[in-house]
Amino acid sequence: MKLQPLRIEAGWQVSYNQFYEVDPAPGYEHYFEGSSLLILHNNSRLKLIDLQWRPEKDLEGEYQVEVLNFLENFNAKTNVFDIVPNWENPFLTFTSKSRVKLVEKLEELMRVLPVYEDPRMTEKRGLVDELSESYRLELLENGISTTLAHKILKNGNPAIQSHLLDLNELTREIILMLAEKGKTKKVRNKAKQKLNSKQFKEKKPPKSE
C-alpha cells in the first residue's frame, strides 16, 4: 500500500508519516492505529499539524486534525531547536471521515495558516532572556507599575522595552523615560512617536492677548 500523495507547501516538513492511501475496511485496521498518522511542521510559521484516527483501529471512527502553535528552544548540547507544541490549546481542530476531504483540508491549511509569533522575550531565536521574560510575565499578571517600569528601563532588553510601549496603561512619565533612556535608537524613536500621538501630546498653553 502506498503513502497518501500530498502536496507539501514550501516551508513545511514531514516529521512522521504513516498516512496511507487506503480507506477503512475490514482487514485494514492496522493502517488506522498509533498515536499519529502524520505530523507536519513549519519552523517559520511556528505551526504543527497532527493527524490521528480516533478511536484507533475502529473502522467507524474518523480522522482528527489538530493544528498547534509551538515554541522553539535552542538546545546547546545538540545544536538544534527543540519544538514545544501547545497541546493544551489547539489553534484549530478538524474532523472528517473522508480521506479525500481530509487531503484537501491539509493542503489548504499548509497554504493559509498564519504565522505564530513567539510572545517570549528572546535574545535570539529559541534563546529566552530570562530576566526580560520575567518582566513580561509580571506585566501580564500585575500590570504596569512605576517600579517595574524602572526595572525594565535599567535591566530589560530592547524587546521588553518595545513591548512596554505597546501597552495601553502607559503613563506619559514612563514614555518620557523610554524616549530619553531606551536601550536602542529604535526604542527611543518609538517612545517619541507615542509622545507625539494625540493621547500623550502636551497641550500648549493658550496664547496671551
# chains A, B, ... in the order shown; residues from 1 in each chain; ligands from 1
call {"tool": "closest_atom_pairs", "arguments": {"of": "range 86-192 of chain A", "to": "range 20-39 of chain A", "cutoff": "10 Å", "atoms": "only C-alpha atoms", "output": "JSON lines"}}
result
{"residue": "A:Lys97", "atom": "CA", "partner": "A:Asp23", "partner_atom": "CA", "distance": 9.2}
{"residue": "A:Ser98", "atom": "CA", "partner": "A:Asp23", "partner_atom": "CA", "distance": 8.3}
{"residue": "A:Arg99", "atom": "CA", "partner": "A:Asp23", "partner_atom": "CA", "distance": 7.0}
{"residue": "A:Val100", "atom": "CA", "partner": "A:Glu21", "partner_atom": "CA", "distance": 9.7}
call {"tool": "write_last_selection", "arguments": {"atoms": "N, CA, C and O atoms", "output": "PDB file, in the first residue's frame"}}
result
ATOM      1  N   LYS A  97     -14.561  11.953   8.038  1.00  0.00           N
ATOM      2  CA  LYS A  97     -14.492  10.532   7.722  1.00  0.00           C
ATOM      3  C   LYS A  97     -13.941  10.306   6.319  1.00  0.00           C
ATOM      4  O   LYS A  97     -13.577   9.193   5.957  1.00  0.00           O
ATOM      5  N   SER A  98     -13.887  11.380   5.530  1.00  0.00           N
ATOM      6  CA  SER A  98     -13.485  11.280   4.133  1.00  0.00           C
ATOM      7  C   SER A  98     -11.992  11.559   3.975  1.00  0.00           C
ATOM      8  O   SER A  98     -11.511  12.650   4.319  1.00  0.00           O
ATOM      9  N   ARG A  99     -11.260  10.612   3.436  1.00  0.00           N
ATOM     10  CA  ARG A  99      -9.825  10.808   3.186  1.00  0.00           C
ATOM     11  C   ARG A  99      -9.608  11.893   2.134  1.00  0.00           C
ATOM     12  O   ARG A  99      -8.683  12.697   2.233  1.00  0.00           O
ATOM     13  N   VAL A 100     -10.473  11.950   1.118  1.00  0.00           N
ATOM     14  CA  VAL A 100     -10.341  12.946   0.051  1.00  0.00           C
ATOM     15  C   VAL A 100     -10.527  14.355   0.606  1.00  0.00           C
ATOM     16  O   VAL A 100      -9.735  15.266   0.323  1.00  0.00           O
TER      17      VAL A 100
END
call {"tool": "select_by_dssp", "arguments": {"residues": "range 104-184 of chain A", "states": "helix (DSSP H, G or I)", "output": "NGL selection string"}}
result
:A and (104-112 or 130-142 or 146-155 or 158-165 or 172-181)
call {"tool": "closest_residue", "arguments": {"among": "A:Val65, A:Asp166, A:Leu109, A:Ala191", "to": "Arg136 in chain A", "atoms": "only C-alpha atoms"}}
result
A:Asp166
call {"tool": "residues_around", "arguments": {"residues": "Glu173 in chain A", "least_positions_apart": "4", "cutoff": "9 Å", "atoms": "only C-alpha atoms", "output": "compact mmCIF listing (two decimals) with all heavy atoms, in the first residue's frame"}}
result
# COMPACT_ATOMS: atom_id res chain seq x y z
N THR A 146 5.25 51.86 38.30
CA THR A 146 6.44 52.69 38.10
C THR A 146 7.70 51.91 38.46
O THR A 146 8.73 52.01 37.78
CB THR A 146 6.35 53.97 38.95
OG1 THR A 146 5.15 54.67 38.60
CG2 THR A 146 7.54 54.88 38.70
N MET A 177 10.64 58.48 29.99
CA MET A 177 11.85 57.75 30.41
C MET A 177 12.41 56.92 29.26
O MET A 177 13.62 56.90 29.02
CB MET A 177 11.55 56.85 31.62
CG MET A 177 11.24 57.60 32.90
SD MET A 177 11.21 56.51 34.37
CE MET A 177 10.01 55.30 33.89
N LEU A 178 11.52 56.24 28.54
CA LEU A 178 11.96 55.40 27.44
C LEU A 178 12.45 56.23 26.26
O LEU A 178 13.36 55.83 25.53
CB LEU A 178 10.82 54.49 27.00
CG LEU A 178 10.49 53.35 27.99
CD1 LEU A 178 9.12 52.75 27.69
CD2 LEU A 178 11.55 52.27 27.94
call {"tool": "closest_residue", "arguments": {"among": "A:Ile160, A:Leu6, A:Leu140, A:Ala149", "to": "Ile175 in chain A", "atoms": "only C-alpha atoms"}}
result
A:Ala149
call {"tool": "closest_residue", "arguments": {"among": "A:Ser197, A:Ser132, A:Asn69, A:Thr184", "to": "Glu117 in chain A", "atoms": "only C-alpha atoms"}}
result
A:Asn69
call {"tool": "atom_distance", "arguments": {"atom1": "CA of Thr171 in chain A", "atom2": "CA of Gly156 in chain A"}}
result
18.2 Å
call {"tool": "atom_distance", "arguments": {"atom1": "CA of Trp53 in chain A", "atom2": "CA of Phe91 in chain A"}}
result
18.9 Å
call {"tool": "select_by_dssp", "arguments": {"residues": "chain A", "states": "strand (DSSP E or B)", "output": "PyMOL selection string"}}
result
chain A and resi 3+12-17+20+38-42+47-54+62-75+80-85+92-96+122-124+127-128
call {"tool": "residues_around", "arguments": {"residues": "Arg120 in chain A", "least_positions_apart": "3", "cutoff": "10 Å", "atoms": "only C-alpha atoms", "output": "PDB file with N, CA and C atoms, in the first residue's frame"}}
result
ATOM      1  N   LEU A  71       6.581  26.624  20.315  1.00  0.00           N
ATOM      2  CA  LEU A  71       7.741  27.448  20.630  1.00  0.00           C
ATOM      3  C   LEU A  71       8.996  26.652  20.306  1.00  0.00           C
ATOM      4  N   GLU A 117       3.638  34.220  16.457  1.00  0.00           N
ATOM      5  CA  GLU A 117       4.781  34.977  16.953  1.00  0.00           C
ATOM      6  C   GLU A 117       5.076  34.565  18.397  1.00  0.00           C
ATOM      7  N   GLU A 123      16.653  36.532  23.329  1.00  0.00           N
ATOM      8  CA  GLU A 123      17.896  37.180  22.919  1.00  0.00           C
ATOM      9  C   GLU A 123      18.129  36.958  21.430  1.00  0.00           C
ATOM     10  N   GLY A 126      14.945  31.112  19.728  1.00  0.00           N
ATOM     11  CA  GLY A 126      14.942  29.958  20.616  1.00  0.00           C
ATOM     12  C   GLY A 126      15.687  30.127  21.916  1.00  0.00           C
ATOM     13  N   LEU A 127      16.235  31.317  22.189  1.00  0.00           N
ATOM     14  CA  LEU A 127      17.010  31.537  23.411  1.00  0.00           C
ATOM     15  C   LEU A 127      16.355  32.652  24.211  1.00  0.00           C
ATOM     16  N   VAL A 128      15.729  32.288  25.327  1.00  0.00           N
ATOM     17  CA  VAL A 128      14.951  33.233  26.125  1.00  0.00           C
ATOM     18  C   VAL A 128      15.864  34.072  27.012  1.00  0.00           C
ATOM     19  N   ASP A 129      15.592  35.369  27.052  1.00  0.00           N
ATOM     20  CA  ASP A 129      16.230  36.270  28.015  1.00  0.00           C
ATOM     21  C   ASP A 129      15.413  36.162  29.304  1.00  0.00           C
ATOM     22  N   GLU A 130      15.919  35.407  30.249  1.00  0.00           N
ATOM     23  CA  GLU A 130      15.136  35.054  31.438  1.00  0.00           C
ATOM     24  C   GLU A 130      14.683  36.283  32.231  1.00  0.00           C
ATOM     25  N   SER A 132      14.270  39.546  31.195  1.00  0.00           N
ATOM     26  CA  SER A 132      13.248  40.301  30.468  1.00  0.00           C
ATOM     27  C   SER A 132      11.948  39.518  30.366  1.00  0.00           C
ATOM     28  N   GLU A 133      12.031  38.187  30.237  1.00  0.00           N
ATOM     29  CA  GLU A 133      10.829  37.366  30.205  1.00  0.00           C
ATOM     30  C   GLU A 133      10.099  37.419  31.542  1.00  0.00           C
ATOM     31  N   SER A 134      10.851  37.472  32.640  1.00  0.00           N
ATOM     32  CA  SER A 134      10.209  37.595  33.961  1.00  0.00           C
ATOM     33  C   SER A 134       9.458  38.916  34.068  1.00  0.00           C
ATOM     34  N   ARG A 136       8.061  40.461  31.489  1.00  0.00           N
ATOM     35  CA  ARG A 136       6.851  40.309  30.660  1.00  0.00           C
ATOM     36  C   ARG A 136       5.750  39.578  31.426  1.00  0.00           C
ATOM     37  N   LEU A 137       6.145  38.518  32.127  1.00  0.00           N
ATOM     38  CA  LEU A 137       5.166  37.748  32.890  1.00  0.00           C
ATOM     39  C   LEU A 137       4.600  38.558  34.055  1.00  0.00           C
ATOM     40  N   ALA A 159      13.603  44.340  23.445  1.00  0.00           N
ATOM     41  CA  ALA A 159      12.309  43.715  23.130  1.00  0.00           C
ATOM     42  C   ALA A 159      11.271  43.994  24.219  1.00  0.00           C
ATOM     43  N   ILE A 160      11.662  43.894  25.487  1.00  0.00           N
ATOM     44  CA  ILE A 160      10.695  44.137  26.563  1.00  0.00           C
ATOM     45  C   ILE A 160      10.381  45.625  26.664  1.00  0.00           C
TER      46      ILE A 160
END
call {"tool": "residues_around", "arguments": {"residues": "Val112 in chain A", "least_positions_apart": "5", "cutoff": "12 Å", "atoms": "only C-alpha atoms", "output": "list in words"}}
result
Glu9, Ala10, Arg45, Lys47, Lys105, Leu106 and Glu107 of chain A
call {"tool": "atom_distance", "arguments": {"atom1": "CA of Tyr16 in chain A", "atom2": "CA of Lys77 in chain A"}}
result
23.6 Å
call {"tool": "decode", "arguments": {"residues": "range 163-182 of chain A", "atoms": "N, CA, C and O atoms", "output": "CSV table (one decimal), in the first residue's frame"}}
result
chain,number,residue,atom,x,y,z
A,163,HIS,N,7.9,46.2,24.0
A,163,HIS,CA,6.7,45.6,24.4
A,163,HIS,C,5.9,46.5,25.4
A,163,HIS,O,4.7,46.7,25.3
A,164,LEU,N,6.7,47.1,26.3
A,164,LEU,CA,6.1,48.0,27.3
A,164,LEU,C,5.4,49.2,26.6
A,164,LEU,O,4.3,49.6,27.0
A,165,LEU,N,6.0,49.7,25.5
A,165,LEU,CA,5.4,50.8,24.8
A,165,LEU,C,4.1,50.4,24.1
A,165,LEU,O,3.4,51.3,23.7
A,166,ASP,N,3.9,49.2,23.9
A,166,ASP,CA,2.7,48.7,23.2
A,166,ASP,C,1.5,48.6,24.2
A,166,ASP,O,0.3,48.5,23.7
A,167,LEU,N,1.7,48.7,25.5
A,167,LEU,CA,0.6,48.6,26.4
A,167,LEU,C,-0.2,49.8,26.6
A,167,LEU,O,0.3,50.9,26.5
A,168,ASN,N,-1.5,49.6,26.8
A,168,ASN,CA,-2.4,50.8,26.9
A,168,ASN,C,-2.3,51.6,28.2
A,168,ASN,O,-2.7,52.7,28.2
A,169,GLU,N,-1.8,50.9,29.2
A,169,GLU,CA,-1.9,51.6,30.5
A,169,GLU,C,-0.7,52.5,30.8
A,169,GLU,O,-0.5,53.0,31.9
A,170,LEU,N,0.1,52.8,29.8
A,170,LEU,CA,1.3,53.6,30.0
A,170,LEU,C,1.0,55.0,30.4
A,170,LEU,O,0.0,55.6,30.0
A,171,THR,N,1.8,55.6,31.3
A,171,THR,CA,1.7,57.0,31.6
A,171,THR,C,2.7,57.8,30.8
A,171,THR,O,3.7,57.2,30.3
A,172,ARG,N,2.5,59.0,30.7
A,172,ARG,CA,3.4,59.9,30.0
A,172,ARG,C,4.8,59.9,30.6
A,172,ARG,O,5.8,60.0,29.9
A,173,GLU,N,4.8,59.8,31.9
A,173,GLU,CA,6.1,59.8,32.6
A,173,GLU,C,7.0,58.6,32.2
A,173,GLU,O,8.2,58.7,31.9
A,174,ILE,N,6.4,57.4,32.0
A,174,ILE,CA,7.1,56.2,31.6
A,174,ILE,C,7.6,56.3,30.2
A,174,ILE,O,8.7,56.0,29.8
A,175,ILE,N,6.7,56.9,29.3
A,175,ILE,CA,7.1,57.0,27.9
A,175,ILE,C,8.3,58.0,27.8
A,175,ILE,O,9.2,57.8,27.0
A,176,LEU,N,8.3,59.1,28.6
A,176,LEU,CA,9.4,60.0,28.6
A,176,LEU,C,10.7,59.4,29.0
A,176,LEU,O,11.7,59.6,28.4
A,177,MET,N,10.6,58.5,30.0
A,177,MET,CA,11.9,57.8,30.4
A,177,MET,C,12.4,56.9,29.3
A,177,MET,O,13.6,56.9,29.0
A,178,LEU,N,11.5,56.2,28.5
A,178,LEU,CA,12.0,55.4,27.4
A,178,LEU,C,12.4,56.2,26.3
A,178,LEU,O,13.4,55.8,25.5
A,179,ALA,N,11.9,57.4,26.1
A,179,ALA,CA,12.3,58.3,25.0
A,179,ALA,C,13.7,58.8,25.2
A,179,ALA,O,14.5,59.1,24.3
A,180,GLU,N,14.0,59.0,26.5
A,180,GLU,CA,15.4,59.5,26.9
A,180,GLU,C,16.4,58.4,27.1
A,180,GLU,O,17.6,58.6,26.7
A,181,LYS,N,16.0,57.3,27.6
A,181,LYS,CA,17.0,56.3,28.1
A,181,LYS,C,16.7,54.9,27.5
A,181,LYS,O,17.3,53.9,28.1
A,182,GLY,N,15.9,54.8,26.5
A,182,GLY,CA,15.7,53.4,25.9
A,182,GLY,C,17.0,52.8,25.4
A,182,GLY,O,17.9,53.5,25.1
